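Visitor: The following file, run.txt, comprises compact mmCIF, C-alpha atoms:
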# COMPACT_ATOMS: atom_id res chain seq x y z
CA MET A 1 -30.23 0.02 15.33
CA GLY A 2 -26.95 0.58 13.51
CA ARG A 3 -23.89 -1.58 13.34
CA LYS A 4 -21.10 -1.11 15.88
CA ALA A 5 -17.69 -1.06 14.24
CA LYS A 6 -14.87 -2.67 16.20
CA TYR A 7 -12.42 0.00 15.03
CA THR A 8 -13.32 3.61 14.33
CA PHE A 9 -12.72 5.29 11.01
CA GLU A 10 -10.03 7.42 12.63
CA GLN A 11 -8.21 4.36 14.02
CA LYS A 12 -8.27 2.67 10.63
CA LEU A 13 -7.09 5.76 8.80
CA GLN A 14 -4.23 6.40 11.23
CA ALA A 15 -3.21 2.74 11.05
CA VAL A 16 -3.12 2.84 7.25
CA LEU A 17 -1.21 6.11 7.14
CA ASP A 18 1.36 4.86 9.68
CA TYR A 19 1.75 1.59 7.77
CA GLN A 20 2.07 3.20 4.34
CA SER A 21 4.53 5.84 5.53
CA GLY A 22 6.72 3.17 7.10
CA LYS A 23 6.49 4.67 10.59
CA LYS A 24 5.19 1.38 11.98
CA SER A 25 4.91 -2.18 10.78
CA ALA A 26 1.58 -3.95 10.38
CA VAL A 27 2.48 -6.20 13.31
CA ASP A 28 3.20 -3.19 15.57
CA ILE A 29 -0.07 -1.49 14.63
CA ALA A 30 -2.08 -4.67 15.14
CA SER A 31 -0.49 -5.10 18.54
CA GLU A 32 -1.32 -1.51 19.55
CA LEU A 33 -4.95 -2.01 18.51
CA ASP A 34 -5.08 -5.41 20.25
CA MET A 35 -6.23 -7.09 17.04
CA GLY A 36 -5.11 -10.61 17.82
CA LYS A 37 -3.27 -13.22 15.80
CA ASN A 38 -4.11 -12.12 12.24
CA GLY A 39 -4.42 -8.39 12.85
CA ASP A 40 -1.44 -7.60 10.64
CA ASN A 41 -3.29 -9.10 7.69
CA ARG A 42 -6.26 -6.86 8.40
CA ILE A 43 -3.97 -3.79 8.43
CA ARG A 44 -2.67 -4.80 4.99
CA GLU A 45 -6.26 -5.29 3.76
CA TRP A 46 -7.19 -1.80 4.98
CA SER A 47 -4.11 -0.44 3.23
CA ASN A 48 -5.08 -2.10 -0.06
CA LEU A 49 -8.66 -0.82 0.23
CA TYR A 50 -7.34 2.67 0.92
CA LYS A 51 -5.05 2.55 -2.13
CA ALA A 52 -7.87 1.36 -4.38
CA ASN A 53 -10.80 3.43 -3.08
CA GLY A 54 -9.50 6.18 -0.80
CA GLN A 55 -10.78 7.09 2.65
CA GLU A 56 -14.36 6.11 1.86
CA ALA A 57 -13.34 2.45 1.86
CA LEU A 58 -12.45 2.66 5.55
CA LYS A 59 -15.76 4.09 6.69
CA PRO A 60 -18.01 1.56 8.41
CA LYS A 61 -21.18 0.40 6.69
CA GLU A 62 -24.34 1.63 8.33
CA ARG A 63 -26.27 -1.56 7.71
CA ASN A 64 -25.98 -5.05 6.27
CA SER A 65 -26.39 -5.59 2.55
CA SER A 66 -29.82 -6.56 1.29
CA TYR A 67 -30.61 -8.44 -1.88
CA SER A 68 -33.76 -8.67 -3.96
CA LYS A 69 -35.76 -11.87 -4.18
CA GLU A 70 -34.91 -12.15 -7.88
CA PHE A 71 -31.18 -11.91 -7.20
CA LYS A 72 -31.38 -14.57 -4.48
CA GLU A 73 -33.26 -16.93 -6.80
CA MET A 74 -30.77 -16.30 -9.58
CA VAL A 75 -27.85 -17.19 -7.27
CA VAL A 76 -29.49 -20.41 -6.14
So, in terms of structure tokens, how does the structure I just supplied come out?

Guide:
Amino acid sequence: MGRKAKYTFEQKLQAVLDYQSGKKSAVDIASELDMGKNGDNRIREWSNLYKANGQEALKPKERNSSYSKEFKEMVV
């Protein structure tokens, strides 16, 4: 069973493009998407991810990260 993203890739991409173009503020976008109190911060995070890594950064992960036993022991 896959993960269910709260916001679709298309919603994230449109939000980032609207924010970066200056059409809408982060607060306005967060309000439209009903993101709650800190939604504007999430819009800015998406924007930074988009700037650094392109559209791929906005695509949802298909599953949780998994780590090897050796890595876990090393961290502990």

Visitor: Which residue gives the smallest distance to Leu17 in chain A among A:Asn64, A:Ser31, A:Asn41, A:Asn48, with all atoms listed in the file counted?

Guide: A:Asn48

Visitor: Calculated over all atoms listed in the file, which of the candidates A:Trp46, A:Val27, A:Ser68, A:Met74 has the smallest distance to Phe9 in chain A?

Guide: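 Checking each of A:Trp46, A:Val27, A:Ser68, A:Met74 against Phe9 in chain A, counting all atoms listed in the file, the winner is A:Trp46.
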
Visitor: Please measure the separation of CA of Ala57 in chain A and CA of Gln14 in chain A, giving the value in Å to one decimal.

Guide: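 Pair CA of Ala57 in chain A / CA of Gln14 in chain A returns 13.7 Å.
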
Visitor: Identify, on the basis of all atoms listed in the file, every residue whose closest approach to Lys6 in chain A does not exceed 12 Å; exclude the query and any residue fewer than 2 positions from it along the same chain; express the result as JSON, numbers by chain.

Guide: {"A": [3, 4, 8, 9, 10, 11, 12, 33, 34, 35, 59, 60, 61]}

Visitor: Tell me which of A:Ala52, A:Ala26, A:Leu58, A:Val76 sits closest to Tyr7 in chain A, counting all atoms listed in the file.

Guide: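 Of the candidates, the smallest distance to Tyr7 in chain A is held by A:Leu58.
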
Visitor: Check the smallest atom-to-atom distance from each of A:Gly54, A:Lys23, A:Ala15, A:Ser65 to Arg42 in chain A using only C-alpha atoms, then report the winner.

Guide: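 Checking each of A:Gly54, A:Lys23, A:Ala15, A:Ser65 against Arg42 in chain A, counting only C-alpha atoms, the winner is A:Ala15.
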
Visitor: Mind giving me the straight-line distance from CA of Gln20 in chain A to CA of Glu32 in chain A in Å, one decimal?

Guide: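 About the pair CA of Gln20 in chain A and CA of Glu32 in chain A: they are 16.3 Å apart.
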
Visitor: Pick from A:Glu56, A:Asp40, A:Glu73, A:Glu62: nearest to Ser25 in chain A, with all atoms listed in the file counted?

Guide: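 Using all atoms listed in the file, Ser25 in chain A sits closest to A:Asp40.
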
Visitor: Enclose all atoms of range 51-69 of chain A listed in the file in an axis-aligned box, grow every side by 4 Å, and hand back centre and edge lengths in Å to one decimal, as JSON.

Guide:
{"center_x": -20.4, "center_y": -2.4, "center_z": 2.0, "size_x": 38.7, "size_y": 27.0, "size_z": 20.8}

Visitor: Could you check which of A:Lys37, A:Ala5, A:Ser47, A:Lys72 is closest to Tyr19 in chain A, using all atoms listed in the file?

Guide: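 Among the listed residues, A:Ser47 lies closest to Tyr19 in chain A.
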